Each structure stands twice: as C-alpha cells, then as structure tokens.
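What follows is the content of model-v3.pdb, which has PDB, C-alpha atoms and all ligand atoms:
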```pdb
ATOM      1  CA  MET A1070      11.048  31.005   6.325
ATOM      2  CA  THR A1071      10.444  34.493   7.566
ATOM      3  CA  GLU A1072       9.824  35.000  11.234
ATOM      4  CA  ASP A1073       6.104  35.214  10.640
ATOM      5  CA  THR A1074       5.787  31.993   8.697
ATOM      6  CA  ILE A1075       4.278  29.173  10.716
ATOM      7  CA  ILE A1076       3.557  26.693   7.921
ATOM      8  CA  GLU A1077       5.308  26.357   4.599
ATOM      9  CA  LEU A1078       4.517  23.866   1.863
ATOM     10  CA  LYS A1079       7.248  23.074  -0.606
ATOM     11  CA  GLY A1080       6.378  21.028  -3.654
ATOM     12  CA  LEU A1081       3.700  19.223  -1.676
ATOM     13  CA  THR A1082       2.468  16.366  -3.814
ATOM     14  CA  LYS A1083      -0.037  13.610  -3.118
ATOM     15  CA  LYS A1084      -1.011  10.778  -5.364
ATOM     16  CA  PHE A1085      -3.585   8.130  -4.628
ATOM     17  CA  GLY A1086      -2.635   5.431  -7.104
ATOM     18  CA  LYS A1087      -2.459   7.207 -10.427
ATOM     19  CA  SER A1088      -4.611  10.076  -9.336
ATOM     20  CA  LEU A1089      -2.635  13.240  -8.654
ATOM     21  CA  VAL A1090      -4.566  15.005  -5.900
ATOM     22  CA  LEU A1091      -2.015  17.615  -4.824
ATOM     23  CA  ASP A1092       0.416  18.750  -7.494
ATOM     24  CA  HIS A1093       3.590  20.463  -6.257
ATOM     25  CA  ILE A1094       1.917  22.973  -4.009
ATOM     26  CA  ASN A1095       4.065  25.801  -2.703
ATOM     27  CA  ALA A1096       2.491  28.056  -0.100
ATOM     28  CA  LYS A1097       3.060  29.816   3.190
ATOM     29  CA  ILE A1098       0.839  30.616   6.101
ATOM     30  CA  ASN A1099       1.770  33.326   8.556
ATOM     31  CA  ARG A1100       1.239  33.261  12.276
ATOM     32  CA  SER A1101      -2.237  34.535  13.229
ATOM     33  CA  GLU A1102      -3.459  34.198   9.684
ATOM     34  CA  VAL A1103      -6.823  32.639   8.869
ATOM     35  CA  VAL A1104      -6.785  30.768   5.569
ATOM     36  CA  THR A1105      -9.960  29.237   4.193
ATOM     37  CA  LEU A1106      -9.695  26.406   1.726
ATOM     38  CA  ILE A1107     -12.543  26.225  -0.703
ATOM     39  CA  GLY A1108     -13.358  24.342  -3.847
ATOM     40  CA  PRO A1109     -15.663  21.690  -5.249
ATOM     41  CA  SER A1110     -15.919  18.276  -3.640
ATOM     42  CA  GLY A1111     -13.044  15.930  -4.451
ATOM     43  CA  THR A1112     -10.492  18.668  -5.169
ATOM     44  CA  GLY A1113      -8.186  17.617  -2.334
ATOM     45  CA  LYS A1114      -9.138  20.022   0.446
ATOM     46  CA  SER A1115      -9.247  17.299   3.103
ATOM     47  CA  THR A1116      -6.073  15.731   1.762
ATOM     48  CA  LEU A1117      -4.266  19.051   1.952
ATOM     49  CA  ILE A1118      -5.369  19.823   5.498
ATOM     50  CA  ARG A1119      -4.528  16.265   6.612
ATOM     51  CA  ASP A1120      -1.099  16.610   5.058
ATOM     52  CA  LEU A1121      -0.452  19.659   7.242
ATOM     53  CA  ASN A1122      -0.205  17.427  10.302
ATOM     54  CA  MET A1123       0.774  14.209   8.532
ATOM     55  CA  LEU A1124      -2.537  12.483   9.215
ATOM     56  CA  ASP A1125      -2.049  11.696   5.565
ATOM     57  CA  THR A1126       1.483  11.182   4.255
ATOM     58  CA  PRO A1127       2.466  13.252   1.239
ATOM     59  CA  THR A1128       3.925  11.406  -1.739
ATOM     60  CA  SER A1129       6.678  13.990  -2.054
ATOM     61  CA  GLY A1130       7.551  17.511  -1.039
ATOM     62  CA  SER A1131       7.774  19.002   2.427
ATOM     63  CA  VAL A1132       5.571  20.478   5.079
ATOM     64  CA  LEU A1133       7.465  22.856   7.325
ATOM     65  CA  PHE A1134       5.801  23.666  10.623
ATOM     66  CA  GLU A1135       7.589  26.182  12.796
ATOM     67  CA  GLY A1136      10.679  25.507  10.726
ATOM     68  CA  GLN A1137      10.629  21.729  11.092
ATOM     69  CA  ASP A1138      10.073  19.481   8.086
ATOM     70  CA  LEU A1139       7.345  17.144   9.298
ATOM     71  CA  THR A1140       7.919  14.677   6.467
ATOM     72  CA  THR A1141      11.292  13.761   7.975
ATOM     73  CA  LEU A1142      10.114  13.161  11.536
ATOM     74  CA  LYS A1143       9.772   9.841  13.294
ATOM     75  CA  ASP A1144       6.419   8.926  14.816
ATOM     76  CA  LYS A1145       7.338  10.033  18.302
ATOM     77  CA  GLU A1146       8.619  13.420  17.163
ATOM     78  CA  LEU A1147       5.529  13.785  15.049
ATOM     79  CA  ASP A1148       3.286  13.153  18.051
ATOM     80  CA  ALA A1149       4.935  16.054  19.837
ATOM     81  CA  VAL A1150       4.388  18.361  16.870
ATOM     82  CA  ARG A1151       0.789  17.251  16.381
ATOM     83  CA  ARG A1152      -0.019  18.461  19.879
ATOM     84  CA  LYS A1153       0.597  21.959  18.621
ATOM     85  CA  MET A1154      -1.882  21.483  15.798
ATOM     86  CA  GLY A1155      -5.475  21.201  16.938
ATOM     87  CA  MET A1156      -7.791  19.489  14.515
ATOM     88  CA  VAL A1157     -11.559  19.651  14.285
ATOM     89  CA  PHE A1158     -13.418  17.463  11.833
ATOM     90  CA  GLN A1159     -16.918  17.322  10.464
ATOM     91  CA  SER A1160     -17.766  14.564  12.950
ATOM     92  CA  PHE A1161     -17.102  15.493  16.531
ATOM     93  CA  ASN A1162     -15.496  12.249  17.707
ATOM     94  CA  LEU A1163     -16.047  12.986  21.396
ATOM     95  CA  PHE A1164     -15.435  10.037  23.714
ATOM     96  CA  PRO A1165     -19.020   8.868  24.391
ATOM     97  CA  HIS A1166     -18.248   7.309  27.775
ATOM     98  CA  LEU A1167     -16.594  10.433  29.201
ATOM     99  CA  ASN A1168     -18.264  13.618  30.348
ATOM    100  CA  VAL A1169     -17.409  16.977  28.824
ATOM    101  CA  GLU A1170     -14.804  17.833  31.453
ATOM    102  CA  ARG A1171     -12.957  14.556  30.900
ATOM    103  CA  ASN A1172     -13.267  14.818  27.136
ATOM    104  CA  ILE A1173     -11.500  18.157  27.322
ATOM    105  CA  THR A1174      -8.844  17.328  29.895
ATOM    106  CA  LEU A1175      -8.041  13.647  29.358
ATOM    107  CA  ALA A1176      -5.174  14.126  26.895
ATOM    108  CA  PRO A1177      -3.557  17.255  28.376
ATOM    109  CA  VAL A1178      -3.642  15.787  31.901
ATOM    110  CA  LYS A1179      -2.185  12.512  30.680
ATOM    111  CA  LEU A1180       0.593  14.395  28.921
ATOM    112  CA  GLY A1181       1.281  16.551  31.950
ATOM    113  CA  LEU A1182       0.264  19.786  30.230
ATOM    114  CA  ILE A1183      -2.360  20.403  32.909
ATOM    115  CA  PRO A1184      -2.012  19.220  36.529
ATOM    116  CA  ALA A1185      -4.928  16.930  37.425
ATOM    117  CA  SER A1186      -5.810  19.283  40.279
ATOM    118  CA  GLN A1187      -6.399  22.091  37.781
ATOM    119  CA  ALA A1188      -8.231  20.032  35.186
ATOM    120  CA  ARG A1189     -11.723  21.148  36.151
ATOM    121  CA  ALA A1190     -10.789  24.809  36.291
ATOM    122  CA  LYS A1191      -9.099  24.545  32.913
ATOM    123  CA  ALA A1192     -12.122  22.779  31.412
ATOM    124  CA  GLN A1193     -14.339  25.509  32.857
ATOM    125  CA  GLU A1194     -12.168  28.221  31.333
ATOM    126  CA  LEU A1195     -12.222  26.565  27.908
ATOM    127  CA  LEU A1196     -15.968  25.967  28.100
ATOM    128  CA  GLU A1197     -16.410  29.656  28.793
ATOM    129  CA  LYS A1198     -14.686  30.391  25.491
ATOM    130  CA  VAL A1199     -17.175  28.214  23.637
ATOM    131  CA  GLY A1200     -20.179  29.310  25.698
ATOM    132  CA  LEU A1201     -20.887  25.967  27.380
ATOM    133  CA  THR A1202     -19.869  26.224  31.042
ATOM    134  CA  GLU A1203     -23.149  24.639  32.129
ATOM    135  CA  LYS A1204     -22.310  21.450  30.220
ATOM    136  CA  ILE A1205     -19.159  20.535  32.122
ATOM    137  CA  ASP A1206     -20.694  17.379  33.629
ATOM    138  CA  ALA A1207     -22.823  16.459  30.632
ATOM    139  CA  PHE A1208     -22.200  13.414  28.474
ATOM    140  CA  PRO A1209     -21.826  13.751  24.695
ATOM    141  CA  SER A1210     -25.098  11.938  23.983
ATOM    142  CA  SER A1211     -27.020  14.741  25.688
ATOM    143  CA  LEU A1212     -25.452  17.483  23.544
ATOM    144  CA  SER A1213     -26.786  18.949  20.315
ATOM    145  CA  GLY A1214     -24.507  18.775  17.284
ATOM    146  CA  GLY A1215     -23.524  22.400  17.680
ATOM    147  CA  GLN A1216     -22.715  21.919  21.348
ATOM    148  CA  ALA A1217     -20.701  18.774  20.639
ATOM    149  CA  GLN A1218     -18.679  20.580  17.996
ATOM    150  CA  ARG A1219     -17.997  23.446  20.410
ATOM    151  CA  VAL A1220     -16.776  20.906  22.992
ATOM    152  CA  ALA A1221     -14.566  19.390  20.287
ATOM    153  CA  ILE A1222     -13.075  22.839  19.708
ATOM    154  CA  ALA A1223     -12.525  23.305  23.459
ATOM    155  CA  ARG A1224     -10.872  19.906  23.593
ATOM    156  CA  ALA A1225      -8.478  20.848  20.788
ATOM    157  CA  LEU A1226      -7.705  24.154  22.516
ATOM    158  CA  ALA A1227      -6.869  22.350  25.756
ATOM    159  CA  MET A1228      -3.605  21.230  24.156
ATOM    160  CA  ASN A1229      -2.688  24.870  23.727
ATOM    161  CA  PRO A1230      -2.109  24.548  19.985
ATOM    162  CA  ASP A1231      -0.247  27.029  17.793
ATOM    163  CA  VAL A1232      -2.557  26.370  14.876
ATOM    164  CA  MET A1233      -6.086  25.044  14.509
ATOM    165  CA  LEU A1234      -7.094  22.999  11.483
ATOM    166  CA  PHE A1235     -10.779  22.688  10.663
ATOM    167  CA  ASP A1236     -12.169  20.345   8.018
ATOM    168  CA  GLU A1237     -15.768  21.314   7.294
ATOM    169  CA  PRO A1238     -16.592  21.795  10.984
ATOM    170  CA  THR A1239     -20.192  22.810  10.328
ATOM    171  CA  SER A1240     -21.106  20.525   7.435
ATOM    172  CA  ALA A1241     -22.760  17.885   9.589
ATOM    173  CA  LEU A1242     -24.794  20.362  11.635
ATOM    174  CA  ASP A1243     -28.417  21.327  11.395
ATOM    175  CA  PRO A1244     -28.559  24.809   9.869
ATOM    176  CA  GLU A1245     -29.658  26.510  13.081
ATOM    177  CA  MET A1246     -26.486  25.332  14.823
ATOM    178  CA  VAL A1247     -23.971  26.456  12.233
ATOM    179  CA  GLY A1248     -23.847  30.019  13.527
ATOM    180  CA  GLU A1249     -22.883  29.157  17.106
ATOM    181  CA  VAL A1250     -19.878  27.151  15.895
ATOM    182  CA  LEU A1251     -18.787  29.799  13.392
ATOM    183  CA  LYS A1252     -19.051  32.405  16.143
ATOM    184  CA  VAL A1253     -16.612  30.444  18.330
ATOM    185  CA  MET A1254     -14.245  30.169  15.361
ATOM    186  CA  GLN A1255     -14.562  33.868  14.666
ATOM    187  CA  ASP A1256     -13.682  34.641  18.301
ATOM    188  CA  LEU A1257     -10.641  32.387  18.059
ATOM    189  CA  ALA A1258      -9.490  34.175  14.929
ATOM    190  CA  ALA A1259      -9.948  37.522  16.660
ATOM    191  CA  GLU A1260      -7.700  36.318  19.477
ATOM    192  CA  GLY A1261      -4.959  35.731  16.925
ATOM    193  CA  MET A1262      -5.158  31.968  16.505
ATOM    194  CA  THR A1263      -3.630  30.725  13.267
ATOM    195  CA  MET A1264      -6.358  28.794  11.476
ATOM    196  CA  VAL A1265      -6.737  26.741   8.324
ATOM    197  CA  VAL A1266     -10.394  26.134   7.592
ATOM    198  CA  VAL A1267     -11.970  23.985   4.910
ATOM    199  CA  THR A1268     -15.474  25.329   4.629
ATOM    200  CA  HIS A1269     -18.466  25.877   2.413
ATOM    201  CA  GLU A1270     -19.558  28.780   4.589
ATOM    202  CA  MET A1271     -18.747  31.643   2.271
ATOM    203  CA  GLY A1272     -20.026  34.171   4.803
ATOM    204  CA  PHE A1273     -17.359  32.991   7.231
ATOM    205  CA  ALA A1274     -14.684  33.115   4.533
ATOM    206  CA  LYS A1275     -15.706  36.669   3.591
ATOM    207  CA  LYS A1276     -15.888  37.951   7.120
ATOM    208  CA  VAL A1277     -13.135  36.108   8.968
ATOM    209  CA  ALA A1278     -10.516  34.857   6.518
ATOM    210  CA  ASP A1279      -7.380  36.778   5.687
ATOM    211  CA  ARG A1280      -6.929  34.684   2.576
ATOM    212  CA  VAL A1281      -8.906  32.284   0.469
ATOM    213  CA  TRP A1282      -7.259  29.382  -1.289
ATOM    214  CA  PHE A1283      -9.307  27.960  -4.146
ATOM    215  CA  LEU A1284      -8.217  24.424  -4.950
ATOM    216  CA  ASP A1285      -8.478  23.077  -8.462
ATOM    217  CA  GLN A1286      -6.672  20.265 -10.271
ATOM    218  CA  GLY A1287      -4.164  19.718  -7.525
ATOM    219  CA  LYS A1288      -3.136  23.358  -7.290
ATOM    220  CA  ILE A1289      -4.028  26.399  -5.287
ATOM    221  CA  ALA A1290      -5.573  27.890  -8.367
ATOM    222  CA  GLU A1291      -6.300  31.147  -6.635
ATOM    223  CA  ASP A1292      -4.845  32.660  -3.475
ATOM    224  CA  ALA A1293      -6.512  35.950  -2.707
ATOM    225  CA  LYS A1294      -7.947  38.207  -0.076
ATOM    226  CA  PRO A1295     -11.641  37.410   0.403
ATOM    227  CA  ASP A1296     -12.934  40.731  -0.904
ATOM    228  CA  GLU A1297     -10.917  40.274  -4.112
ATOM    229  CA  PHE A1298     -11.803  36.621  -4.422
ATOM    230  CA  PHE A1299     -15.522  37.062  -3.951
ATOM    231  CA  SER A1300     -15.891  40.191  -6.054
ATOM    232  CA  HIS A1301     -13.386  39.458  -8.852
ATOM    233  CA  PRO A1302     -12.319  35.819  -8.925
ATOM    234  CA  GLN A1303      -9.564  35.429 -11.519
ATOM    235  CA  ASN A1304      -9.642  31.682 -12.029
ATOM    236  CA  PRO A1305     -12.376  30.520 -14.443
ATOM    237  CA  ARG A1306     -13.258  27.529 -12.272
ATOM    238  CA  ALA A1307     -13.466  29.729  -9.228
ATOM    239  CA  GLN A1308     -15.838  31.964 -11.172
ATOM    240  CA  GLU A1309     -17.943  28.965 -12.070
ATOM    241  CA  PHE A1310     -17.854  27.645  -8.493
ATOM    242  CA  LEU A1311     -18.993  30.975  -7.077
ATOM    243  CA  SER A1312     -21.690  31.475  -9.697
ATOM    244  CA  LYS A1313     -23.247  28.155  -8.700
ATOM    245  CA  LEU A1314     -23.454  29.215  -5.056
ATOM    246  CA  LEU A1315     -25.573  32.275  -5.728
TER     247      LEU A1315
HETATM  248  P1  LIG A1401     -12.221  17.169  -0.810
HETATM  249  O1  LIG A1401     -11.962  17.216   0.658
HETATM  250  O2  LIG A1401     -11.853  18.432  -1.519
HETATM  251  O3  LIG A1401     -13.616  16.751  -1.139
HETATM  252  P2  LIG A1401     -10.423  14.889  -0.748
HETATM  253  O4  LIG A1401      -9.126  15.432  -0.297
HETATM  254  O5  LIG A1401     -11.242  14.161   0.249
HETATM  255  O6  LIG A1401     -11.262  16.052  -1.446
HETATM  256  O7  LIG A1401     -10.186  13.913  -1.956
HETATM  257  C1  LIG A1401      -9.446  14.291  -3.091
HETATM  258  C2  LIG A1401      -9.379  13.111  -4.053
HETATM  259  O8  LIG A1401      -8.567  12.090  -3.483
HETATM  260  C3  LIG A1401     -10.696  12.472  -4.370
HETATM  261  O9  LIG A1401     -10.696  12.085  -5.708
HETATM  262  C4  LIG A1401     -10.747  11.274  -3.460
HETATM  263  O10 LIG A1401     -11.513  10.262  -4.026
HETATM  264  C5  LIG A1401      -9.285  10.888  -3.384
HETATM  265  N1  LIG A1401      -8.951  10.259  -2.104
HETATM  266  C6  LIG A1401      -9.007  10.851  -0.892
HETATM  267  N2  LIG A1401      -8.599  10.016   0.090
HETATM  268  C7  LIG A1401      -8.270   8.863  -0.531
HETATM  269  C8  LIG A1401      -7.774   7.597  -0.090
HETATM  270  N3  LIG A1401      -7.521   7.381   1.209
HETATM  271  N4  LIG A1401      -7.545   6.647  -1.022
HETATM  272  C9  LIG A1401      -7.785   6.871  -2.329
HETATM  273  N5  LIG A1401      -8.249   8.034  -2.812
HETATM  274  C10 LIG A1401      -8.492   9.016  -1.953
HETATM  275 MG    MG A1402     -13.180  16.960   2.290
END
```
The structure given in the file should be rewritten as structure tokens.
Amino acid sequence: MTEDTIIELKGLTKKFGKSLVLDHINAKINRSEVVTLIGPSGTGKSTLIRDLNMLDTPTSGSVLFEGQDLTTLKDKELDAVRRKMGMVFQSFNLFPHLNVERNITLAPVKLGLIPASQARAKAQELLEKVGLTEKIDAFPSSLSGGQAQRVAIARALAMNPDVMLFDEPTSALDPEMVGEVLKVMQDLAAEGMTMVVVTHEMGFAKKVADRVWFLDQGKIAEDAKPDEFFSHPQNPRAQEFLSKLL
C-alpha cells in the first residue's frame, strides 16, 4: 500500500452458489478519491460495495482498509472499522420513532464520539452541511425523500468516517429531488471525502468522479477517468451500456 491508498482489493472474489459475481478483483482507491461504480443491473455493484465494509462476506481474497485486512477481523474489530466507513443506501432507513437530531446523534453519542451535551450542536452543524437546519426537530415521516436521504448522509457523517459508500442513493427518489442529494455529495467530494458511489447518474459521474469503474462479468472491465470513459469507452459492453443511455 502506498501512503495514499485507503482501500485495496486483492483477488476479491464472491460466489453466490455457483454464480461467480466478483472474480478476483484487484484495485486500489486513494484517499480523497471519488470512484463511481457503474454497470448494468445484476453485475455485482452492490455486492462489491457491501464487500468493502464486510456487510457481505467475500468468498476469497482480501479487502484492505487503511492497511488492515478486514476479512481477517473478528466481529468486534470489524465494528470499530465500520464506524470509519459511512454507508448510504437507496432506502434511507431512518429510525421512524426518533426525530432528526436523535437520528443523527444516537450512535455517536452512545459510542462516546460526541458528548451528549454537544449532540444538538453537532446535529445542527451536520444539518447545515446538507441544507436542513430547520428540520432538526422533525420526524422522518414528515420529510420528503430527498430530505430523508440528506439526513441519512448527515447521520453517516456524524460518525466522522474516513470513507463514504453510496449504493444508488438517488434511485428511489422522485426526479425533482435527485439534484439536492447529488449536490450534497458533490460538496462532500469537494471537501476531500473519499467516496465510492454506485450510481446511474452519469452527470454526477462525469462531473464529480475521479474514476469510473465499469463492472462486467465479475471484473472491473474498465477503470478510467470519466472524460475518457464517457468519450472513448474501450470495453465493448461499456460502449453498449453507454449507447443505451443516450
Ligand atoms: P447490482 O448491484 O449490480 O445490480 P448485485 O450485486 O445486487 O448487482 O447482484 C449481483 C448478482 O448476485 C446478481 O445475479 C444477484 O442475483 C446475485 N446476488 C446478490 N445478492 C445475493 C444473495 N444474497 N444471494 C444470492 N444471490 C445474490
Ligand atoms: Mg445494486
């Protein structure tokens, strides 16, 4: 690992039964890099991103995070590492019975990362980042999808993660709310957050990503800078995938 490497995959392999979903993937992600994972449905994007924090257990190979091989860790050690990896899914999974402040601060206060006396101020600060300070006392049921997803991002940030993993964070949103979530993600990237983003938002990939990984048949079939990828994709399936989008 070089000093800049935050995540390294070595021979990462995942099988579900006989189906080989990830096939000996070798890859590195540098600190502050934004990598977007794209590809047709069923190509293993979610599996790959879930393997980064061991939400899914690889069949073989290693996932190094900050130099530590996560596949060798016990549950307790893994919990500690997972705190440094924020995850945002398609569905927001906010706690429905807690207001926005408590949704954001419950875990970090419990873990002693934030003193209870500073919880509200911390929630306020994080809500400022996602443009929702006025919602601090609101309950999830009163939020729009876009607002809920921005709270979910604030909640992940409350753990002070070193990397943020996003799995199709805007796919469940009404179209008019996609932009507000992408804007928050763009701001995060600009602040230097390391991010791995599964997305179908090619505009985001073009504008914000440092690299695009195109997944096909268990491999990163193409790993390129967005301007190269979108103007001259090398992989035939990537070409086909892109041609269908336009
Ligand atoms: P993507 O996110 O690119 O749509 P996934 O990673 O969700 O793809 O799935 C990749 C493949 O692995 C698919 O064929 C899917 O059916 C299969 N798969 C994913 N999760 C499981 C599971 N828990 N059990 C069995 N098969 C799975
Ligand atoms: Mg998926």
Q. Which neighbours of Ile1094 (chain A) fall inside 10 Å, counting all atoms listed in the file, when residues of the same chain fewer than 5 positions from it are skipped, and could you give them as a ChimeraX atom specification?
A. /A:1077-1083,1117,1130-1131,1287-1290
Q: Using only C-alpha atoms, find the one residue out of A:Asn1122, A:Thr1263, A:Gln1159, A:Gln1308 that sits nearest to Glu1146 (chain A).
A: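 Smallest distance to Glu1146 (chain A) is found for A:Asn1122.
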Q: Would you kindly translate the PyMOL selection byres (((not hetatm)) within 10 of (chain A and resi 1401)) into the concrete residues it picks from this file, as a ChimeraX atom specification?
A: /A:1083-1091,1106-1120,1125,1236-1237,1267-1268,1284-1287
Q.
I'd like the residues picked by the PyMOL selection byres (((chain A and resi 1150) around 12) and not hetatm) written out as a PyMOL selection string, using the chain letters and numbers from the file.
A. chain A and resi 1121-1124+1133-1140+1142-1149+1151-1155+1228-1232
**Q.** Ground truth for the PyMOL selection byres (((chain A and resi 1186-1192) around 9) and not hetatm), written as a PyMOL selection string
**A.** chain A and resi 1169-1171+1173-1175+1177-1178+1183-1185+1193-1197+1202+1205+1223-1224+1227
With C-alpha atoms kept, could you save the residues just selected as a PDB file, in the coordinates of the input?
```
ATOM      1  CA  VAL A1169     -17.409  16.977  28.824  1.00  0.00           C
ATOM      2  CA  GLU A1170     -14.804  17.833  31.453  1.00  0.00           C
ATOM      3  CA  ARG A1171     -12.957  14.556  30.900  1.00  0.00           C
ATOM      4  CA  ILE A1173     -11.500  18.157  27.322  1.00  0.00           C
ATOM      5  CA  THR A1174      -8.844  17.328  29.895  1.00  0.00           C
ATOM      6  CA  LEU A1175      -8.041  13.647  29.358  1.00  0.00           C
ATOM      7  CA  PRO A1177      -3.557  17.255  28.376  1.00  0.00           C
ATOM      8  CA  VAL A1178      -3.642  15.787  31.901  1.00  0.00           C
ATOM      9  CA  ILE A1183      -2.360  20.403  32.909  1.00  0.00           C
ATOM     10  CA  PRO A1184      -2.012  19.220  36.529  1.00  0.00           C
ATOM     11  CA  ALA A1185      -4.928  16.930  37.425  1.00  0.00           C
ATOM     12  CA  GLN A1193     -14.339  25.509  32.857  1.00  0.00           C
ATOM     13  CA  GLU A1194     -12.168  28.221  31.333  1.00  0.00           C
ATOM     14  CA  LEU A1195     -12.222  26.565  27.908  1.00  0.00           C
ATOM     15  CA  LEU A1196     -15.968  25.967  28.100  1.00  0.00           C
ATOM     16  CA  GLU A1197     -16.410  29.656  28.793  1.00  0.00           C
ATOM     17  CA  THR A1202     -19.869  26.224  31.042  1.00  0.00           C
ATOM     18  CA  ILE A1205     -19.159  20.535  32.122  1.00  0.00           C
ATOM     19  CA  ALA A1223     -12.525  23.305  23.459  1.00  0.00           C
ATOM     20  CA  ARG A1224     -10.872  19.906  23.593  1.00  0.00           C
ATOM     21  CA  ALA A1227      -6.869  22.350  25.756  1.00  0.00           C
TER      22      ALA A1227
END
```
Q.
Using only C-alpha atoms for the distances, tell me which of A:Leu1226, A:Leu1251, A:Ala1293, A:Leu1163 is nearest to Pro1209 (chain A).
A. A:Leu1163
Q) What does the distance between CA of Ser1160 (chain A) and CA of Val1265 (chain A) come to in Å, to one decimal place? A)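 If I compute the distance from CA of Ser1160 (chain A) to CA of Val1265 (chain A), I get 17.1 Å.
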